[in-house]
file input.txt (compact mmCIF, C-alpha atoms)
# COMPACT_ATOMS: atom_id res chain seq x y z
CA MET A 187 -123.66 107.28 68.25
CA GLU A 188 -122.96 106.11 71.79
CA PRO A 189 -122.33 108.74 74.45
CA ILE A 190 -118.80 108.89 75.84
CA LYS A 191 -120.19 109.49 79.30
CA GLU A 192 -123.56 109.58 81.01
CA VAL A 193 -124.63 111.08 84.32
CA THR A 194 -127.95 110.28 86.01
CA LEU A 195 -129.46 112.36 88.82
CA GLU A 196 -132.71 112.06 90.73
CA ARG A 197 -134.52 114.52 92.94
CA THR A 198 -137.95 114.75 94.50
CA TYR A 199 -139.58 118.16 94.62
CA ASP A 200 -142.41 119.24 96.84
CA ALA A 201 -144.49 120.57 93.93
CA SER A 202 -146.79 119.17 91.26
CA PRO A 203 -145.39 117.89 87.94
CA GLU A 204 -147.20 120.81 86.25
CA LYS A 205 -145.32 123.27 88.42
CA VAL A 206 -141.92 121.62 87.92
CA TRP A 207 -142.56 121.36 84.18
CA GLN A 208 -143.37 125.06 84.07
CA ALA A 209 -140.17 125.93 85.95
CA TRP A 210 -138.27 123.95 83.32
CA THR A 211 -139.97 125.34 80.22
CA ASP A 212 -141.01 128.93 80.96
CA PRO A 213 -138.14 131.35 80.19
CA LYS A 214 -139.27 133.73 82.95
CA MET A 215 -138.84 130.94 85.47
CA LEU A 216 -135.76 129.33 83.93
CA THR A 217 -133.80 132.56 84.34
CA GLN A 218 -134.46 132.43 88.08
CA TRP A 219 -132.84 129.08 88.81
CA TRP A 220 -130.86 127.83 85.81
CA GLY A 221 -127.13 127.38 86.07
CA PRO A 222 -124.66 127.19 88.93
CA ASP A 223 -124.20 129.93 91.46
CA ASN A 224 -122.78 133.33 90.56
CA VAL A 225 -124.07 133.33 87.03
CA THR A 226 -126.83 135.42 85.55
CA ILE A 227 -129.01 134.47 82.59
CA PRO A 228 -128.96 137.39 80.12
CA LYS A 229 -130.75 135.42 77.40
CA CYS A 230 -133.28 132.62 77.37
CA GLU A 231 -135.49 131.51 74.51
CA VAL A 232 -137.79 128.51 74.50
CA ASP A 233 -139.72 127.29 71.48
CA LEU A 234 -141.47 124.42 73.19
CA ARG A 235 -142.11 121.85 70.46
CA VAL A 236 -140.20 118.93 68.99
CA GLY A 237 -137.62 120.53 66.68
CA GLY A 238 -137.99 123.85 68.50
CA THR A 239 -134.99 125.74 69.87
CA PHE A 240 -133.97 126.09 73.49
CA TYR A 241 -131.32 128.79 73.77
CA ILE A 242 -129.96 129.91 77.11
CA VAL A 243 -126.87 131.97 77.98
CA MET A 244 -125.13 131.96 81.34
CA GLU A 245 -122.87 134.85 82.24
CA ALA A 246 -120.21 134.76 84.95
CA GLY A 247 -120.80 137.25 87.73
CA GLU A 248 -118.49 139.25 90.00
CA ALA A 249 -117.65 136.33 92.30
CA MET A 250 -116.11 134.38 89.43
CA GLY A 251 -113.10 136.68 89.44
CA PRO A 252 -111.08 136.26 86.23
CA TYR A 253 -114.06 134.68 84.49
CA LYS A 254 -116.34 137.65 85.16
CA GLY A 255 -118.35 138.52 82.06
CA THR A 256 -117.61 135.22 80.36
CA GLN A 257 -120.65 133.85 78.58
CA TRP A 258 -121.54 130.18 78.29
CA PRO A 259 -124.31 129.74 75.74
CA MET A 260 -126.19 126.53 75.11
CA ARG A 261 -128.18 126.00 71.96
CA ALA A 262 -130.48 123.00 71.99
CA GLU A 263 -133.19 121.39 69.93
CA PHE A 264 -136.07 119.67 71.67
CA THR A 265 -136.40 116.00 70.75
CA VAL A 266 -139.17 115.08 73.19
CA VAL A 267 -141.88 117.39 74.51
CA GLU A 268 -144.52 115.52 76.54
CA PRO A 269 -146.05 118.14 78.87
CA ASN A 270 -145.66 117.39 82.58
CA ALA A 271 -144.02 114.05 81.84
CA ARG A 272 -140.93 114.07 79.67
CA LEU A 273 -138.59 116.61 78.08
CA ALA A 274 -135.46 115.92 76.06
CA TYR A 275 -133.08 118.00 73.99
CA ARG A 276 -129.85 117.70 72.07
CA ALA A 277 -127.51 120.56 72.86
CA ASP A 278 -124.28 122.23 72.01
CA ALA A 279 -122.79 124.26 74.85
CA TRP A 280 -119.63 126.35 74.65
CA THR A 281 -117.64 129.26 76.01
CA GLU A 282 -118.34 132.40 73.96
CA GLY A 283 -115.47 133.28 71.65
CA MET A 284 -113.98 129.77 71.84
CA LYS A 285 -116.74 127.71 70.30
CA ASP A 286 -114.53 125.22 68.44
CA GLU A 287 -112.26 124.38 71.37
CA THR A 288 -114.78 124.40 74.20
CA GLY A 289 -117.83 122.79 72.62
CA ILE A 290 -119.68 120.06 74.47
CA ASP A 291 -122.20 117.99 72.51
CA GLN A 292 -124.73 116.55 74.88
CA THR A 293 -128.26 115.29 75.31
CA THR A 294 -130.44 115.79 78.33
CA GLU A 295 -133.55 113.84 79.16
CA ILE A 296 -135.78 114.86 82.05
CA THR A 297 -138.69 112.76 83.29
CA PHE A 298 -141.28 114.07 85.72
CA THR A 299 -143.19 111.49 87.76
CA GLU A 300 -145.82 112.22 90.36
CA GLU A 301 -145.31 110.44 93.68
CA ASN A 302 -147.67 111.15 96.60
CA GLY A 303 -148.28 114.72 95.55
CA LYS A 304 -144.59 115.35 94.96
CA THR A 305 -142.63 115.17 91.75
CA LYS A 306 -139.71 112.88 91.13
CA VAL A 307 -137.37 114.34 88.55
CA LYS A 308 -134.85 112.14 86.80
CA VAL A 309 -132.17 113.75 84.66
CA ILE A 310 -130.01 111.77 82.28
CA ALA A 311 -127.24 113.96 80.90
CA ALA A 312 -125.06 112.32 78.25
CA ILE A 313 -121.90 113.73 76.70
CA TYR A 314 -121.09 112.84 73.10
CA LYS A 315 -118.14 115.05 72.33
CA LEU A 316 -115.84 117.32 74.27
CA GLY A 317 -113.69 120.07 72.81
CA PRO A 318 -110.03 120.15 73.95
CA LYS A 319 -110.64 123.11 76.24
CA ALA A 320 -114.08 122.11 77.46
CA LYS A 321 -112.53 121.35 80.81
CA MET A 322 -111.66 124.97 81.42
CA ALA A 323 -115.24 126.05 80.92
CA ALA A 324 -116.40 123.55 83.51
CA GLU A 325 -113.72 124.78 85.89
CA GLY A 326 -114.76 128.38 85.41
CA MET A 327 -118.32 127.53 86.28
CA GLN A 328 -117.22 125.60 89.33
CA MET A 329 -115.44 128.62 90.75
CA GLY A 330 -118.80 129.78 91.96
CA PHE A 331 -119.65 126.63 93.86
CA THR A 332 -117.86 127.50 97.07
CA GLN A 333 -120.10 130.48 97.63
CA GLN A 334 -123.19 128.61 96.53
CA LEU A 335 -124.73 127.93 99.91
CA GLU A 336 -123.96 131.40 101.12
CA LYS A 337 -125.72 133.05 98.21
CA LEU A 338 -128.65 130.68 98.53
CA ASN A 339 -129.00 131.67 102.19
CA VAL A 340 -128.99 135.34 101.31
CA PHE A 341 -131.54 134.73 98.57
CA LEU A 342 -133.83 132.76 100.85
CA SER A 343 -133.69 135.21 103.74
CA SER A 344 -134.28 138.20 101.46
CA ARG A 345 -137.54 136.68 100.28
CA LYS A 346 -138.97 136.01 103.72
CA MET B 97 -99.06 120.95 83.32
CA VAL B 98 -100.03 117.47 82.25
CA GLU B 99 -103.66 117.84 83.25
CA HIS B 100 -104.30 120.77 80.97
CA THR B 101 -103.01 118.94 77.95
CA THR B 102 -105.20 115.90 78.48
CA ASP B 103 -107.57 115.36 75.58
CA LEU B 104 -110.66 114.48 77.60
CA ASP B 105 -112.65 113.54 74.53
CA ALA B 106 -110.05 110.86 73.69
CA VAL B 107 -109.95 109.74 77.32
CA PHE B 108 -113.73 109.30 77.59
CA ARG B 109 -113.95 107.72 74.14
CA SER B 110 -111.25 105.28 75.16
CA LEU B 111 -113.00 104.48 78.43
CA ALA B 112 -116.37 104.03 76.73
CA ASP B 113 -115.27 100.57 75.59
CA PRO B 114 -115.71 97.75 78.16
CA THR B 115 -112.66 95.79 76.96
CA ARG B 116 -110.42 98.83 77.33
CA ARG B 117 -111.81 99.52 80.80
CA ASP B 118 -111.06 95.91 81.67
CA ILE B 119 -107.49 96.18 80.34
CA LEU B 120 -106.96 99.35 82.32
CA ARG B 121 -108.32 97.65 85.46
CA ARG B 122 -105.89 94.74 84.99
CA VAL B 123 -102.82 96.97 84.71
CA MET B 124 -103.94 99.41 87.38
CA HIS B 125 -102.10 97.80 90.26
CA LYS B 126 -99.68 95.56 88.47
CA GLU B 127 -97.53 96.22 85.45
CA LEU B 128 -98.26 93.55 82.85
CA SER B 129 -96.74 92.73 79.49
CA VAL B 130 -98.90 93.02 76.36
CA THR B 131 -98.64 89.23 76.03
CA GLU B 132 -99.87 88.70 79.58
CA VAL B 133 -102.82 90.99 78.98
CA ALA B 134 -103.62 89.20 75.71
CA GLN B 135 -103.62 85.83 77.50
CA ALA B 136 -106.58 86.97 79.58
CA TYR B 137 -108.62 87.35 76.39
CA GLU B 138 -107.22 84.48 74.36
CA ARG B 139 -110.63 82.91 73.84
CA GLN B 140 -112.30 86.17 72.84
CA MET B 141 -109.82 88.03 70.66
CA SER B 142 -106.48 87.97 68.90
CA LEU B 143 -103.23 89.42 70.19
CA ALA B 144 -103.48 92.02 67.42
CA ALA B 145 -106.94 93.10 68.62
CA VAL B 146 -105.69 93.42 72.19
CA ALA B 147 -102.65 95.38 71.00
CA LYS B 148 -105.00 97.76 69.17
CA HIS B 149 -107.02 98.42 72.37
CA VAL B 150 -103.76 99.00 74.23
CA GLN B 151 -102.75 101.51 71.57
CA VAL B 152 -106.03 103.42 71.96
CA LEU B 153 -105.46 103.61 75.71
CA GLU B 154 -101.91 104.80 75.10
CA HIS B 155 -103.01 107.53 72.67
CA ALA B 156 -105.51 108.78 75.22
CA GLY B 157 -102.67 109.03 77.71
CA LEU B 158 -104.26 106.51 80.08
CA ILE B 159 -101.33 104.10 80.00
CA HIS B 160 -97.74 104.13 78.90
CA LYS B 161 -95.59 101.33 77.53
CA ARG B 162 -92.14 100.37 78.67
CA ARG B 163 -89.91 98.17 76.63
CA ALA B 164 -87.72 95.64 78.43
CA GLY B 165 -85.85 93.37 76.07
CA LYS B 166 -88.40 91.74 73.76
CA GLN B 167 -91.25 92.43 76.13
CA GLN B 168 -93.48 95.48 76.23
CA PHE B 169 -94.94 96.32 79.63
CA ILE B 170 -98.04 98.37 80.25
CA ALA B 171 -98.37 100.70 83.21
CA PRO B 172 -101.20 103.08 84.07
CA SER B 173 -100.69 106.81 83.68
CA PRO B 174 -102.77 108.43 86.44
CA PRO B 175 -102.98 112.10 85.30
CA ALA B 176 -105.34 111.45 82.38
CA LEU B 177 -107.61 109.31 84.51
CA LYS B 178 -107.53 111.86 87.28
CA SER B 179 -108.41 114.76 85.02
CA ALA B 180 -111.25 112.74 83.47
CA SER B 181 -112.72 111.97 86.87
CA LYS B 182 -112.29 115.59 87.94
CA TYR B 183 -114.14 116.75 84.87
CA LEU B 184 -117.00 114.34 85.52
CA GLU B 185 -117.16 115.35 89.14
CA GLY B 186 -117.48 118.97 88.01
CA TYR B 187 -120.10 118.11 85.39
CA ARG B 188 -122.17 116.23 87.97
CA LYS B 189 -121.73 119.05 90.45
CA LEU B 190 -123.02 121.60 87.94
CA TRP B 191 -126.16 119.51 87.63
CA GLU B 192 -126.47 119.01 91.39
CA GLU B 193 -126.27 122.76 91.93
CA LYS B 194 -128.79 123.40 89.20
CA LEU B 195 -131.26 120.95 90.75
CA ASP B 196 -130.70 122.48 94.22
CA ARG B 197 -131.53 125.88 92.82
CA LEU B 198 -134.67 124.50 91.22
CA ASP B 199 -135.67 123.20 94.66
CA ALA B 200 -135.09 126.62 96.25
CA PHE B 201 -137.00 128.28 93.41
CA LEU B 202 -140.01 125.98 93.77
CA LYS B 203 -140.09 126.47 97.53
CA ASN B 204 -139.97 130.23 97.14
CA SER B 205 -142.61 130.52 94.46
CA LYS B 206 -145.31 128.60 96.31
call {"tool": "encode", "arguments": {"input": "input.txt", "output": "structure tokens"}}
result
Amino acid sequence: MEPIKEVTLERTYDASPEKVWQAWTDPKMLTQWWGPDNVTIPKCEVDLRVGGTFYIVMEAGEAMGPYKGTQWPMRAEFTVVEPNARLAYRADAWTEGMKDETGIDQTTEITFTEENGKTKVKVIAAIYKLGPKAKMAAEGMQMGFTQQLEKLNVFLSSRK
Amino acid sequence: MVEHTTDLDAVFRSLADPTRRDILRRVMHKELSVTEVAQAYERQMSLAAVAKHVQVLEHAGLIHKRRAGKQQFIAPSPPALKSASKYLEGYRKLWEEKLDRLDAFLKNSK
């Protein structure tokens, strides 16, 4: 089946592919950066093998106002696991309690390439199906974006 | 509100086809009749095939038809397109934010 929409992003990180791979596959690390701002990660499970499950839940924090406490789980199955090089999974993400209406079927493929001691990360996120209310979930998560930089600043200065 | 009733899945599915994107592009700035649109593809497909693509666009809410005498005119319907592009913008932004946070995380855990 062809995706209905595909988004490609590229970033270069000042870290080795091993390090970036670890941040992407170790639950203890994933919970520290995954998701947009103002969400916490109450659950994260990674069974790192092809066919293994990647389950992660985002929960809306205080700053999300009316969405506070809302959970957005994602259940995925790894389709490619090539350590330090390539990771792909097929996922179903939804808003808790409204799974049928808010479901988003998607695939994500991440490639890690070393470039002069840094790591280029390419993400291809493809959407296959969108529930009728999937839009609302995306909106809820975006509510946190405005305070994103602010929170990041606080986080960075608190760790100095 | 129109935006909240847009079936984004139907909108994206409709836009996934290059012919339908091309039809939408043609009627974007100028109202055209179904016959006029079909003329642009006369070597590639039948009037019936074009009419079917137009119907898919109409069901997704991307265009609307107006009847004038024997002619049917096609005009774009911006809200569906707007809400689709807003959704995508949000989806991309979620990813951008996620990748920014990964950057901050990697810098902090050196």
call {"tool": "residues_around", "arguments": {"input": "input.txt", "residues": "range 227-241 of chain A", "least_positions_apart": "3", "cutoff": "6 Å", "atoms": "only C-alpha atoms", "output": "ChimeraX atom specification"}}
result
/A:213,217,244,260-267
call {"tool": "write_last_selection", "arguments": {"input": "input.txt", "atoms": "C-alpha atoms", "output": "short mmCIF file (atom, residue, chain, number, x, y, z; two decimals), in the coordinates of the input"}}
result
data_model
loop_
_atom_site.label_atom_id
_atom_site.label_comp_id
_atom_site.auth_asym_id
_atom_site.auth_seq_id
_atom_site.Cartn_x
_atom_site.Cartn_y
_atom_site.Cartn_z
CA PRO A 213 -138.14 131.35 80.19
CA THR A 217 -133.80 132.56 84.34
CA MET A 244 -125.13 131.96 81.34
CA MET A 260 -126.19 126.53 75.11
CA ARG A 261 -128.18 126.00 71.96
CA ALA A 262 -130.48 123.00 71.99
CA GLU A 263 -133.19 121.39 69.93
CA PHE A 264 -136.07 119.67 71.67
CA THR A 265 -136.40 116.00 70.75
CA VAL A 266 -139.17 115.08 73.19
CA VAL A 267 -141.88 117.39 74.51
#
call {"tool": "atom_distance", "arguments": {"input": "input.txt", "atom1": "CA of Gly289 in chain A", "atom2": "CA of Ala320 in chain A"}}
result
6.2 Å
call {"tool": "closest_residue", "arguments": {"input": "input.txt", "among": "B:Lys161, B:Lys206, B:Arg197, B:His155", "to": "Val107 in chain B", "atoms": "only C-alpha atoms"}}
result
B:His155
call {"tool": "interface_residues", "arguments": {"input": "input.txt", "of": "chain B", "to": "chain A", "cutoff": "12 Å", "atoms": "all atoms listed in the file", "output": "PDB file with C-alpha atoms, keeping the file's coordinate frame"}}
result
ATOM      1  CA  GLU B  99    -103.660 117.840  83.250  1.00  0.00           C
ATOM      2  CA  HIS B 100    -104.300 120.770  80.970  1.00  0.00           C
ATOM      3  CA  THR B 101    -103.010 118.940  77.950  1.00  0.00           C
ATOM      4  CA  THR B 102    -105.200 115.900  78.480  1.00  0.00           C
ATOM      5  CA  ASP B 103    -107.570 115.360  75.580  1.00  0.00           C
ATOM      6  CA  LEU B 104    -110.660 114.480  77.600  1.00  0.00           C
ATOM      7  CA  ASP B 105    -112.650 113.540  74.530  1.00  0.00           C
ATOM      8  CA  ALA B 106    -110.050 110.860  73.690  1.00  0.00           C
ATOM      9  CA  VAL B 107    -109.950 109.740  77.320  1.00  0.00           C
ATOM     10  CA  PHE B 108    -113.730 109.300  77.590  1.00  0.00           C
ATOM     11  CA  ARG B 109    -113.950 107.720  74.140  1.00  0.00           C
ATOM     12  CA  SER B 110    -111.250 105.280  75.160  1.00  0.00           C
ATOM     13  CA  LEU B 111    -113.000 104.480  78.430  1.00  0.00           C
ATOM     14  CA  ALA B 112    -116.370 104.030  76.730  1.00  0.00           C
ATOM     15  CA  ASP B 113    -115.270 100.570  75.590  1.00  0.00           C
ATOM     16  CA  PRO B 114    -115.710  97.750  78.160  1.00  0.00           C
ATOM     17  CA  SER B 179    -108.410 114.760  85.020  1.00  0.00           C
ATOM     18  CA  ALA B 180    -111.250 112.740  83.470  1.00  0.00           C
ATOM     19  CA  SER B 181    -112.720 111.970  86.870  1.00  0.00           C
ATOM     20  CA  LYS B 182    -112.290 115.590  87.940  1.00  0.00           C
ATOM     21  CA  TYR B 183    -114.140 116.750  84.870  1.00  0.00           C
ATOM     22  CA  LEU B 184    -117.000 114.340  85.520  1.00  0.00           C
ATOM     23  CA  GLU B 185    -117.160 115.350  89.140  1.00  0.00           C
ATOM     24  CA  GLY B 186    -117.480 118.970  88.010  1.00  0.00           C
ATOM     25  CA  TYR B 187    -120.100 118.110  85.390  1.00  0.00           C
ATOM     26  CA  ARG B 188    -122.170 116.230  87.970  1.00  0.00           C
ATOM     27  CA  LYS B 189    -121.730 119.050  90.450  1.00  0.00           C
ATOM     28  CA  LEU B 190    -123.020 121.600  87.940  1.00  0.00           C
ATOM     29  CA  TRP B 191    -126.160 119.510  87.630  1.00  0.00           C
ATOM     30  CA  GLU B 192    -126.470 119.010  91.390  1.00  0.00           C
ATOM     31  CA  GLU B 193    -126.270 122.760  91.930  1.00  0.00           C
ATOM     32  CA  LYS B 194    -128.790 123.400  89.200  1.00  0.00           C
ATOM     33  CA  LEU B 195    -131.260 120.950  90.750  1.00  0.00           C
ATOM     34  CA  ASP B 196    -130.700 122.480  94.220  1.00  0.00           C
ATOM     35  CA  ARG B 197    -131.530 125.880  92.820  1.00  0.00           C
ATOM     36  CA  LEU B 198    -134.670 124.500  91.220  1.00  0.00           C
ATOM     37  CA  ASP B 199    -135.670 123.200  94.660  1.00  0.00           C
ATOM     38  CA  ALA B 200    -135.090 126.620  96.250  1.00  0.00           C
ATOM     39  CA  PHE B 201    -137.000 128.280  93.410  1.00  0.00           C
ATOM     40  CA  LEU B 202    -140.010 125.980  93.770  1.00  0.00           C
ATOM     41  CA  LYS B 203    -140.090 126.470  97.530  1.00  0.00           C
ATOM     42  CA  ASN B 204    -139.970 130.230  97.140  1.00  0.00           C
ATOM     43  CA  SER B 205    -142.610 130.520  94.460  1.00  0.00           C
ATOM     44  CA  LYS B 206    -145.310 128.600  96.310  1.00  0.00           C
TER      45      LYS B 206
END
call {"tool": "atom_distance", "arguments": {"input": "input.txt", "atom1": "CA of Gln167 in chain B", "atom2": "CA of Ala147 in chain B"}}
result
12.8 Å
call {"tool": "atom_distance", "arguments": {"input": "input.txt", "atom1": "CA of Ala246 in chain A", "atom2": "CA of Lys178 in chain B"}}
result
26.3 Å
call {"tool": "closest_residue", "arguments": {"input": "input.txt", "among": "B:Val146, B:Val130, B:Ile119, B:Met124", "to": "Lys166 in chain B", "atoms": "all atoms listed in the file"}}
result
B:Val130
call {"tool": "residues_near_point", "arguments": {"input": "input.txt", "point": "(-97.3, 89.0, 82.4)", "cutoff": "12 Å", "atoms": "all atoms listed in the file", "output": "mmCIF file with C-alpha atoms, in the coordinates of the input"}}
result
data_model
loop_
_atom_site.group_PDB
_atom_site.id
_atom_site.type_symbol
_atom_site.label_atom_id
_atom_site.label_comp_id
_atom_site.auth_asym_id
_atom_site.auth_seq_id
_atom_site.Cartn_x
_atom_site.Cartn_y
_atom_site.Cartn_z
ATOM 1 C CA ARG B 122 -105.890 94.740 84.990
ATOM 2 C CA VAL B 123 -102.820 96.970 84.710
ATOM 3 C CA LYS B 126 -99.680 95.560 88.470
ATOM 4 C CA GLU B 127 -97.530 96.220 85.450
ATOM 5 C CA LEU B 128 -98.260 93.550 82.850
ATOM 6 C CA SER B 129 -96.740 92.730 79.490
ATOM 7 C CA VAL B 130 -98.900 93.020 76.360
ATOM 8 C CA THR B 131 -98.640 89.230 76.030
ATOM 9 C CA GLU B 132 -99.870 88.700 79.580
ATOM 10 C CA VAL B 133 -102.820 90.990 78.980
ATOM 11 C CA ALA B 134 -103.620 89.200 75.710
ATOM 12 C CA GLN B 135 -103.620 85.830 77.500
ATOM 13 C CA ALA B 136 -106.580 86.970 79.580
ATOM 14 C CA GLN B 167 -91.250 92.430 76.130
ATOM 15 C CA GLN B 168 -93.480 95.480 76.230
ATOM 16 C CA PHE B 169 -94.940 96.320 79.630
ATOM 17 C CA ILE B 170 -98.040 98.370 80.250
ATOM 18 C CA ALA B 171 -98.370 100.700 83.210
#
